[in-house]
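As stored in my_file.txt (compact mmCIF, C-alpha atoms):
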# COMPACT_ATOMS: atom_id res chain seq x y z
CA MET S 1 77.20 195.08 65.94
CA SER S 2 77.81 198.84 66.27
CA MET S 3 74.14 199.39 65.40
CA LEU S 4 72.98 197.62 68.56
CA PRO S 5 71.33 199.80 71.22
CA ASP S 6 73.48 200.82 74.18
CA ASN S 7 71.57 198.68 76.68
CA ILE S 8 72.25 195.54 74.60
CA LEU S 9 75.93 196.42 74.29
CA ILE S 10 76.12 196.94 78.07
CA GLU S 11 74.37 193.63 78.68
CA GLN S 12 76.82 191.83 76.35
CA TYR S 13 79.79 193.54 78.00
CA LEU S 14 78.61 192.39 81.42
CA LYS S 15 78.43 188.84 80.05
CA GLY S 16 82.12 189.07 79.15
CA ASP S 17 82.08 190.49 75.63
CA ASN S 18 84.74 193.24 75.84
CA GLU S 19 84.20 194.17 72.20
CA SER S 20 80.77 195.52 73.16
CA PHE S 21 82.40 197.99 75.52
CA GLU S 22 84.90 198.98 72.83
CA ILE S 23 81.97 199.76 70.56
CA LEU S 24 80.33 201.92 73.25
CA LEU S 25 83.63 203.69 73.86
CA SER S 26 84.27 204.41 70.18
CA LYS S 27 80.65 205.51 69.73
CA TYR S 28 80.90 208.26 72.36
CA LYS S 29 84.63 208.87 72.77
CA GLN S 30 84.81 212.04 70.68
CA ARG S 31 81.70 213.59 72.19
CA ILE S 32 82.78 212.95 75.80
CA TYR S 33 86.38 214.00 75.23
CA SER S 34 85.24 217.20 73.50
CA PHE S 35 82.95 217.99 76.41
CA ILE S 36 85.79 217.49 78.93
CA TYR S 37 88.27 219.47 76.86
CA SER S 38 85.81 222.35 76.42
CA LYS S 39 85.77 222.79 80.20
CA ILE S 40 89.44 222.04 80.98
CA ARG S 41 91.34 223.41 77.95
CA ASP S 42 94.38 221.22 78.71
CA ASN S 43 95.05 218.04 76.72
CA GLU S 44 96.83 216.09 79.45
CA ILE S 45 94.29 216.89 82.15
CA ALA S 46 91.43 216.21 79.72
CA ASP S 47 93.04 212.83 78.88
CA ASP S 48 93.28 211.96 82.57
CA ILE S 49 89.68 212.96 83.29
CA PHE S 50 88.53 211.03 80.22
CA GLN S 51 90.36 207.92 81.46
CA ASP S 52 89.09 208.40 85.02
CA THR S 53 85.55 208.71 83.61
CA PHE S 54 85.74 205.35 81.87
CA ILE S 55 87.40 203.69 84.84
CA LYS S 56 84.42 204.83 86.90
CA VAL S 57 82.00 203.67 84.18
CA ILE S 58 83.59 200.20 84.12
CA GLN S 59 83.61 199.92 87.91
CA THR S 60 79.95 200.96 88.17
CA LEU S 61 78.89 198.56 85.42
CA LYS S 62 80.83 195.66 86.98
CA LYS S 63 79.26 196.37 90.39
CA GLY S 64 75.82 196.22 88.79
CA SER S 65 75.05 199.78 89.94
CA TYR S 66 74.19 201.17 86.51
CA ASN S 67 70.57 202.24 86.23
CA GLU S 68 69.07 202.13 82.73
CA LYS S 69 66.46 204.83 83.34
CA GLY S 70 68.43 207.43 81.39
CA ARG S 71 70.55 207.27 78.26
CA PHE S 72 74.01 205.76 78.64
CA VAL S 73 75.79 208.75 77.13
CA SER S 74 74.00 211.17 79.49
CA TRP S 75 75.09 209.08 82.44
CA VAL S 76 78.71 209.03 81.24
CA MET S 77 78.61 212.81 80.66
CA ARG S 78 77.35 213.27 84.23
CA ILE S 79 80.30 211.24 85.54
CA ALA S 80 82.70 213.32 83.43
CA HIS S 81 81.05 216.53 84.66
CA ASN S 82 81.47 215.45 88.30
CA LEU S 83 85.14 214.61 87.72
CA ILE S 84 85.67 218.03 86.12
CA ILE S 85 84.12 219.67 89.18
CA ASP S 86 86.38 217.56 91.41
CA HIS S 87 89.38 218.71 89.38
CA PHE S 88 88.53 222.38 89.84
CA ARG S 89 87.85 221.88 93.54
CA ARG S 90 91.29 220.30 93.95
CA GLN S 91 92.86 223.21 92.12
CA GLN S 92 91.21 225.78 94.36
CA ARG S 93 90.97 224.08 97.73
CA MET S 94 93.90 221.72 97.75
CA PRO S 95 96.92 223.54 96.37
CA ILE S 96 100.06 221.46 96.44
CA TYR S 97 102.85 222.58 98.72
CA ASP S 98 106.22 221.11 99.44
CA THR S 99 106.25 219.02 102.57
CA TYR S 100 107.87 220.43 105.66
CA ASP S 101 110.66 217.91 105.70
CA ASN S 102 109.00 214.63 105.51
CA GLU S 103 108.84 213.33 101.97
CA GLN S 104 106.64 210.48 103.12
CA ASP S 105 103.84 212.89 104.01
CA VAL S 106 101.99 212.52 100.73
CA PHE S 107 98.85 214.33 101.84
CA TYR S 108 100.38 217.37 103.50
CA ARG S 109 98.38 220.46 102.56
CA LEU S 110 97.87 223.78 104.23
CA SER S 111 94.59 223.69 106.10
CA GLU S 112 91.63 225.72 104.96
CA PRO S 113 91.40 228.90 107.03
CA SER S 114 87.67 228.37 107.67
CA LYS S 115 88.29 225.19 109.68
CA ASN S 116 88.36 225.24 113.44
CA ILE S 117 91.24 223.71 115.42
CA GLU S 118 89.36 220.47 116.09
CA ASP S 119 88.68 219.95 112.35
CA MET S 120 92.33 220.66 111.55
CA MET S 121 93.46 218.13 114.18
CA ILE S 122 91.09 215.48 112.79
CA ASP S 123 92.33 216.21 109.24
CA GLY S 124 95.92 215.91 110.46
CA GLN S 125 95.21 212.53 112.07
CA ILE S 126 93.46 211.24 108.95
CA LYS S 127 96.43 212.31 106.80
CA THR S 128 98.87 210.68 109.22
CA ASP S 129 96.87 207.43 109.16
CA ILE S 130 96.67 207.40 105.35
CA ASN S 131 100.38 208.14 104.99
CA ALA S 132 101.23 205.25 107.32
CA LEU S 133 98.94 202.89 105.40
CA MET S 134 100.37 203.96 102.05
CA LEU S 135 103.81 202.87 103.19
CA GLU S 136 102.43 199.32 103.46
CA LEU S 137 101.48 199.23 99.77
CA PRO S 138 103.73 197.61 97.16
CA LYS S 139 106.32 200.14 96.01
CA ASN S 140 104.93 200.47 92.47
CA GLN S 141 101.44 201.25 93.81
CA TYR S 142 102.81 203.65 96.42
CA ASP S 143 104.87 205.47 93.78
CA VAL S 144 101.91 205.93 91.43
CA LEU S 145 99.62 207.16 94.25
CA LYS S 146 102.31 209.58 95.40
CA MET S 147 102.94 210.94 91.88
CA ARG S 148 99.22 211.28 91.10
CA LEU S 149 97.90 212.60 94.42
CA TYR S 150 100.86 214.56 95.73
CA GLN S 151 102.79 215.63 92.66
CA ASP S 152 99.60 215.99 90.59
CA MET S 153 101.22 214.23 87.64
CA SER S 154 99.10 213.05 84.73
CA PHE S 155 98.93 209.32 83.99
CA LYS S 156 100.94 210.02 80.85
CA GLU S 157 103.72 211.64 82.93
CA ILE S 158 103.61 208.79 85.45
CA ALA S 159 103.87 206.24 82.64
CA GLU S 160 106.88 208.04 81.16
CA LYS S 161 108.62 208.44 84.53
CA THR S 162 108.11 204.78 85.50
CA ASN S 163 108.73 203.38 81.98
CA VAL S 164 105.38 201.59 81.79
CA SER S 165 102.26 202.03 79.68
CA ILE S 166 99.48 204.41 80.69
CA ASN S 167 97.23 201.39 81.26
CA THR S 168 99.78 199.90 83.67
CA SER S 169 100.00 203.15 85.63
CA LEU S 170 96.16 203.32 85.71
CA GLY S 171 96.06 199.74 86.96
CA ARG S 172 98.62 200.45 89.66
CA MET S 173 96.60 203.47 90.78
CA ARG S 174 93.43 201.40 90.87
CA TYR S 175 95.01 198.53 92.80
CA GLY S 176 96.76 200.98 95.13
CA LEU S 177 93.41 202.58 96.00
CA ILE S 178 91.73 199.18 96.39
CA ASN S 179 94.51 197.98 98.70
CA LEU S 180 94.42 201.24 100.64
CA ARG S 181 90.66 200.81 101.17
CA LYS S 182 91.23 197.23 102.35
CA LEU S 183 93.81 198.40 104.87
CA ILE S 184 91.42 201.12 106.09
CA ASP S 185 88.64 198.53 106.50
CA GLU S 186 90.93 195.99 108.21
CA ARG S 187 92.02 198.58 110.76
CA ASN S 188 88.47 199.95 111.20
CA LEU S 189 89.71 203.48 110.56
CA THR S 190 87.33 206.34 109.95
CA MET S 191 88.50 208.65 107.18
CA THR S 192 85.86 211.33 107.54
CA GLN S 193 84.98 213.84 110.21
Mind turning this structure into structure tokens?
Amino acid sequence: MSMLPDNILIEQYLKGDNESFEILLSKYKQRIYSFIYSKIRDNEIADDIFQDTFIKVIQTLKKGSYNEKGRFVSWVMRIAHNLIIDHFRRQQRMPIYDTYDNEQDVFYRLSEPSKNIEDMMIDGQIKTDINALMLELPKNQYDVLKMRLYQDMSFKEIAEKTNVSINTSLGRMRYGLINLRKLIDERNLTMTQ
């Protein structure tokens, strides 16, 4: 079965055969992880980006948004590359600071100096809205979002701190984000400028 072309394995996975996805994963795991690690040079962060890459791959496949024009591995590498860029952007543009005295303010960051006062006010309102919505999430989802987004903890660290498996912490993050999006949609909030 491991000799089957990628498009057949994807097709079988979408029909419910999880083993097909496992074959795809094992086929390219080393190559993709090596690529990520070569850019990041940190095992924990590389692990997280690798996991985030395959979460995104699974979500895109399940939504039916995968386009077979290119090779599967090239597509996955592009996703990994974009996540690496996102990681470096977060490191440079969104440094983590302690909150002023409100521990609930998960998204508090110093504003970028290039922003005008109106942009900073809009950013502040968006952060306030998101923080309020996060408090409505189940505690386990809220905790994982807070640790990942605010404390910049790896999924391995989150799993250890909460005494669950990495997959459980990934699932809580995923469901937390899904529920947060639902709340944003229900309230007709705009989260961009």
Go ahead and find all residues with at least one atom no further than 12 Å from (79.1, 214.5, 82.1) in the file's coordinates, using all atoms listed in the file; report them as an mmCIF file with C-alpha atoms, in the frame of the given file.
data_model
loop_
_atom_site.group_PDB
_atom_site.id
_atom_site.type_symbol
_atom_site.label_atom_id
_atom_site.label_comp_id
_atom_site.auth_asym_id
_atom_site.auth_seq_id
_atom_site.Cartn_x
_atom_site.Cartn_y
_atom_site.Cartn_z
ATOM 1 C CA TYR S 28 80.900 208.260 72.360
ATOM 2 C CA ARG S 31 81.700 213.590 72.190
ATOM 3 C CA ILE S 32 82.780 212.950 75.800
ATOM 4 C CA TYR S 33 86.380 214.000 75.230
ATOM 5 C CA SER S 34 85.240 217.200 73.500
ATOM 6 C CA PHE S 35 82.950 217.990 76.410
ATOM 7 C CA ILE S 36 85.790 217.490 78.930
ATOM 8 C CA TYR S 37 88.270 219.470 76.860
ATOM 9 C CA SER S 38 85.810 222.350 76.420
ATOM 10 C CA LYS S 39 85.770 222.790 80.200
ATOM 11 C CA ILE S 49 89.680 212.960 83.290
ATOM 12 C CA PHE S 50 88.530 211.030 80.220
ATOM 13 C CA THR S 53 85.550 208.710 83.610
ATOM 14 C CA PHE S 54 85.740 205.350 81.870
ATOM 15 C CA VAL S 57 82.000 203.670 84.180
ATOM 16 C CA ARG S 71 70.550 207.270 78.260
ATOM 17 C CA PHE S 72 74.010 205.760 78.640
ATOM 18 C CA VAL S 73 75.790 208.750 77.130
ATOM 19 C CA SER S 74 74.000 211.170 79.490
ATOM 20 C CA TRP S 75 75.090 209.080 82.440
ATOM 21 C CA VAL S 76 78.710 209.030 81.240
ATOM 22 C CA MET S 77 78.610 212.810 80.660
ATOM 23 C CA ARG S 78 77.350 213.270 84.230
ATOM 24 C CA ILE S 79 80.300 211.240 85.540
ATOM 25 C CA ALA S 80 82.700 213.320 83.430
ATOM 26 C CA HIS S 81 81.050 216.530 84.660
ATOM 27 C CA ASN S 82 81.470 215.450 88.300
ATOM 28 C CA LEU S 83 85.140 214.610 87.720
ATOM 29 C CA ILE S 84 85.670 218.030 86.120
ATOM 30 C CA ILE S 85 84.120 219.670 89.180
#
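The two atoms in question, atom CA of S:Asn43 and atom CA of S:Ser154, are spaced 10.3 Å apart.
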Given only C-alpha atoms as the counted atoms, nearest of S:Asp86, S:Lys29, S:Ile23, S:Leu14 to S:Lys62: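 Distance minimum relative to S:Lys62 lands on S:Leu14.
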For S:Pro138: contacts at 10 Å, only C-alpha atoms, fewer than 6 positions along chain excluded, given as number ranges by chain: S: 172, 175-176, 179
Spatial sel., origin (96.4, 209.3, 80.5), limit 10 Å, all atoms listed in the file, listed as a ChimeraX atom specification: /S:43-52,153-159,165-167,169-170
Residues near S:Glu11, cut-off 12 Å, only C-alpha atoms, skip fewer than 6 positions along chain, as a ChimeraX atom specification: /S:4-5,17-21,24,61-62,64,66,68
Length of the atom CA of S:Gly171 to atom CA of S:Asn188 vector [Å]: 25.4 Å
Nearest to S:Glu160, chosen from S:Met173, S:Lys127, S:Leu9, S:Val144, with all atoms listed in the file counted in the distances: S:Val144
Please rebuild stretch 70-81 of chain S with N, CA and C atoms and give the result as a short mmCIF file (atom, residue, chain, number, x, y, z; two decimals), in the coordinates of the input.
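Output contents, as saved in out-v8.cif:
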data_model
loop_
_atom_site.label_atom_id
_atom_site.label_comp_id
_atom_site.auth_asym_id
_atom_site.auth_seq_id
_atom_site.Cartn_x
_atom_site.Cartn_y
_atom_site.Cartn_z
N GLY S 70 68.04 206.38 82.32
CA GLY S 70 68.43 207.43 81.39
C GLY S 70 69.24 206.85 80.24
N ARG S 71 69.69 207.71 79.36
CA ARG S 71 70.55 207.27 78.26
C ARG S 71 71.96 207.07 78.77
N PHE S 72 72.65 206.09 78.24
CA PHE S 72 74.01 205.76 78.64
C PHE S 72 74.93 206.96 78.51
N VAL S 73 74.89 207.64 77.37
CA VAL S 73 75.79 208.75 77.13
C VAL S 73 75.55 209.89 78.13
N SER S 74 74.30 210.12 78.50
CA SER S 74 74.00 211.17 79.49
C SER S 74 74.60 210.83 80.84
N TRP S 75 74.53 209.56 81.19
CA TRP S 75 75.09 209.08 82.44
C TRP S 75 76.62 209.26 82.45
N VAL S 76 77.26 208.89 81.35
CA VAL S 76 78.71 209.03 81.24
C VAL S 76 79.10 210.52 81.30
N MET S 77 78.34 211.36 80.64
CA MET S 77 78.61 212.81 80.66
C MET S 77 78.48 213.35 82.09
N ARG S 78 77.52 212.83 82.84
CA ARG S 78 77.35 213.27 84.23
C ARG S 78 78.57 212.88 85.05
N ILE S 79 79.09 211.68 84.84
CA ILE S 79 80.30 211.24 85.54
C ILE S 79 81.46 212.16 85.18
N ALA S 80 81.62 212.44 83.88
CA ALA S 80 82.70 213.32 83.43
C ALA S 80 82.54 214.71 84.06
N HIS S 81 81.33 215.21 84.08
CA HIS S 81 81.05 216.53 84.66
C HIS S 81 81.46 216.56 86.14
#
